[in-house]
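Undergrad: The structure that follows is given in the form of structure tokens.
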Amino acid sequence: MSASPEPHVVSRTGADPALKSAHPLTHKGSERAVLGQVSYHGEPAGSLASTITELWRYRELFYFLAWRDVKVRYKQTALGVVWAVLQPLLTMAIFTAIFGRLANIPSGGLPRPLFYFCALVPWTYLSSSVNSAAMSLVSNTALLTKIYFPRLILPASAALSGLLDFLISSLLLIPLMFYYHTPVDANLLLWPVLVALIVLLALGVGLFLAALNVQFRDVKYAIPFAIQIWLFVSPIIYPSSIVPAGFRWLVILNPLTGIVEAFRTTVTAGAAFDWVQLAISGALTVGLFLGALVFFKRTERAFADIV
């Protein structure tokens, strides 16, 4: 059995000289190199199969960039990873005091600190990962213009690096549940599935904004404002049940709605999941990710020329 072909780096000034002497599809195991893309075994450049193949072949770079993002985030900080807990914890205290006690917003039977914290953990990950992924291309111009690698790695590594903070802050739920005497049941088993959905949502939004940010630098100024608006239109501060029936469909069209409400249900023993709402959020998340991936792959050829 012949060894699988290694990917060729295609120069921005022309095709690979090794490929000039032969037709690119002379046999089944041959490669086909296109500017900015590589395909294997006859797969069309830019297809999902070739994208997965490329990511796997560059997995060491993927892990390196993700770990680099983690180290840069906490470099020369006095508290280090404690910030991963402080941010949602302090926000939880502020939300509990202002929206819980002063505004008296209902918490669906959960203790208010737990109600806010189990929504702020995924929200904090989502907002920080989207912002990091959106800026990942323009902040790595030296890499983009000098060497070839799958551009998808940059926003993906930004989303992956945030999972460490997500894990650390999620562990704080355990003492909170014990403190408020919240029983644990099988609902909590859905937590890993919801983590996968929130990662997919962060990556989908991040891919779209990263590609857009390369072409329009106004995007970096709009991202903080858009994320702030997203916070208020999502059921982070309030449960979706208090939204008037006439506007409920607008809330459901937000892919974050079903995910956040499901996170709360995982720590509410005996509560039933709203499977319809979660299925809608899941479908919207997958559709958003696939659409963003197509947009990213179609525009990535010009990244090195624009940045």
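To be explicit about the labels: the chains of the structure tokens are called A, B, and onward in the order shown, and within each one the residues are counted from 1, while ligands get numbers from 1 in the order they are shown.
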Residues near A:Ala186, anyone? I mean within 9 Å using only C-alpha atoms, not counting same-chain ones fewer than 6 positions away, as a PDB file with C-alpha atoms, in the first residue's frame.
TA:
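File written: out-v2.pdb
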ATOM      1  CA  THR A 266     -29.247  20.499  33.961  1.00  0.00           C
ATOM      2  CA  ALA A 269     -33.460  18.329  39.532  1.00  0.00           C
ATOM      3  CA  GLY A 270     -36.732  16.915  38.224  1.00  0.00           C
TER       4      GLY A 270
END
Undergrad: I want to know what sits within 12 Å of A:Phe117, based on only C-alpha atoms, with residues of the same chain fewer than 2 positions away left out; could you give that as a PDB file with C-alpha atoms, in the first residue's frame?
TA:
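Written file, selection07.pdb:
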ATOM      1  CA  VAL A  85     -13.677  32.098  38.025  1.00  0.00           C
ATOM      2  CA  LEU A  86     -13.714  35.744  39.112  1.00  0.00           C
ATOM      3  CA  GLN A  87     -15.367  37.101  35.979  1.00  0.00           C
ATOM      4  CA  PRO A  88     -18.576  35.000  36.079  1.00  0.00           C
ATOM      5  CA  LEU A  89     -18.572  34.991  39.890  1.00  0.00           C
ATOM      6  CA  LEU A  90     -18.479  38.772  40.264  1.00  0.00           C
ATOM      7  CA  THR A  91     -20.978  39.207  37.440  1.00  0.00           C
ATOM      8  CA  MET A  92     -23.244  36.705  39.206  1.00  0.00           C
ATOM      9  CA  ALA A  93     -23.094  38.770  42.402  1.00  0.00           C
ATOM     10  CA  ILE A  94     -23.961  41.984  40.542  1.00  0.00           C
ATOM     11  CA  PHE A  95     -26.830  40.370  38.613  1.00  0.00           C
ATOM     12  CA  THR A  96     -28.190  38.802  41.800  1.00  0.00           C
ATOM     13  CA  SER A 107     -35.485  32.702  38.608  1.00  0.00           C
ATOM     14  CA  LEU A 110     -33.558  28.107  41.228  1.00  0.00           C
ATOM     15  CA  PRO A 111     -31.601  30.089  43.835  1.00  0.00           C
ATOM     16  CA  ARG A 112     -30.783  33.345  42.090  1.00  0.00           C
ATOM     17  CA  PRO A 113     -26.974  33.043  42.292  1.00  0.00           C
ATOM     18  CA  LEU A 114     -27.169  29.578  40.744  1.00  0.00           C
ATOM     19  CA  PHE A 115     -29.703  30.806  38.166  1.00  0.00           C
ATOM     20  CA  ALA A 119     -26.013  30.964  32.385  1.00  0.00           C
ATOM     21  CA  LEU A 120     -22.973  33.215  32.789  1.00  0.00           C
ATOM     22  CA  VAL A 121     -20.500  30.321  32.486  1.00  0.00           C
ATOM     23  CA  PRO A 122     -21.440  29.498  28.853  1.00  0.00           C
ATOM     24  CA  TRP A 123     -22.050  33.184  28.062  1.00  0.00           C
ATOM     25  CA  THR A 124     -18.583  34.218  29.281  1.00  0.00           C
ATOM     26  CA  SER A 169     -15.572  28.008  36.001  1.00  0.00           C
ATOM     27  CA  SER A 170     -17.903  25.020  35.509  1.00  0.00           C
ATOM     28  CA  LEU A 171     -16.260  23.257  38.464  1.00  0.00           C
ATOM     29  CA  LEU A 172     -17.435  26.087  40.716  1.00  0.00           C
ATOM     30  CA  LEU A 173     -20.996  24.895  40.130  1.00  0.00           C
ATOM     31  CA  ILE A 174     -20.317  21.912  42.384  1.00  0.00           C
ATOM     32  CA  LEU A 176     -22.616  26.263  44.654  1.00  0.00           C
ATOM     33  CA  MET A 177     -25.029  23.354  44.278  1.00  0.00           C
ATOM     34  CA  ILE A 236     -29.057  35.390  30.667  1.00  0.00           C
ATOM     35  CA  ILE A 237     -30.551  38.004  33.005  1.00  0.00           C
ATOM     36  CA  VAL A 260     -28.815  28.609  27.990  1.00  0.00           C
ATOM     37  CA  PHE A 263     -27.856  24.642  30.931  1.00  0.00           C
ATOM     38  CA  ARG A 264     -30.182  25.859  33.694  1.00  0.00           C
ATOM     39  CA  VAL A 267     -28.893  21.868  37.520  1.00  0.00           C
TER      40      VAL A 267
END
Undergrad: What lies within 8 Å of A:Ile198 using only C-alpha atoms, ignoring chain neighbours under 4 positions off, as a PyMOL selection string?
TA: chain A and resi 122+126+194+202+256+259
Undergrad: Between A:Asn254, A:Leu288, A:Val219, A:Ala262, which has the minimum distance to A:Asn187 (counting only C-alpha atoms)?
TA: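 Nearest candidate to A:Asn187 out of A:Asn254, A:Leu288, A:Val219, A:Ala262: A:Ala262.
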Undergrad: Considering only C-alpha atoms, return as a PyMOL selection string whatever protein or nucleic-acid residues lie within 10 Å of A:Met135, sequence-local ones (same chain, fewer than 4 positions apart) excluded.
TA: chain A and resi 129-131+139-140+154-155+158+206-207+209-211+213-214+219-220+223
Undergrad: Write a file of the just-selected residues containing C-alpha atoms, as a CSV table (one decimal), in the first residue's frame.
TA:
chain,number,residue,atom,x,y,z
A,129,SER,CA,-14.3,33.1,22.2
A,130,VAL,CA,-16.2,35.0,19.5
A,131,ASN,CA,-14.1,38.1,20.2
A,139,SER,CA,-3.7,39.6,14.7
A,140,ASN,CA,-1.6,36.9,12.9
A,154,LEU,CA,-6.6,30.4,13.8
A,155,PRO,CA,-10.3,31.0,14.8
A,158,ALA,CA,-9.1,30.7,19.7
A,206,GLY,CA,-16.3,33.5,15.1
A,207,LEU,CA,-15.6,32.1,11.6
A,209,LEU,CA,-16.7,37.6,11.8
A,210,ALA,CA,-13.1,36.6,11.3
A,211,ALA,CA,-13.5,36.4,7.5
A,213,ASN,CA,-13.0,41.4,9.7
A,214,VAL,CA,-10.3,40.8,7.1
A,219,VAL,CA,-16.1,44.9,12.2
A,220,LYS,CA,-13.7,45.1,15.2
A,223,ILE,CA,-18.1,43.4,17.8
Undergrad: Figure out the distance between atom CA of A:Ile280 and atom CA of A:Val251, please, to one decimal in Å.
TA: 11.2 Å
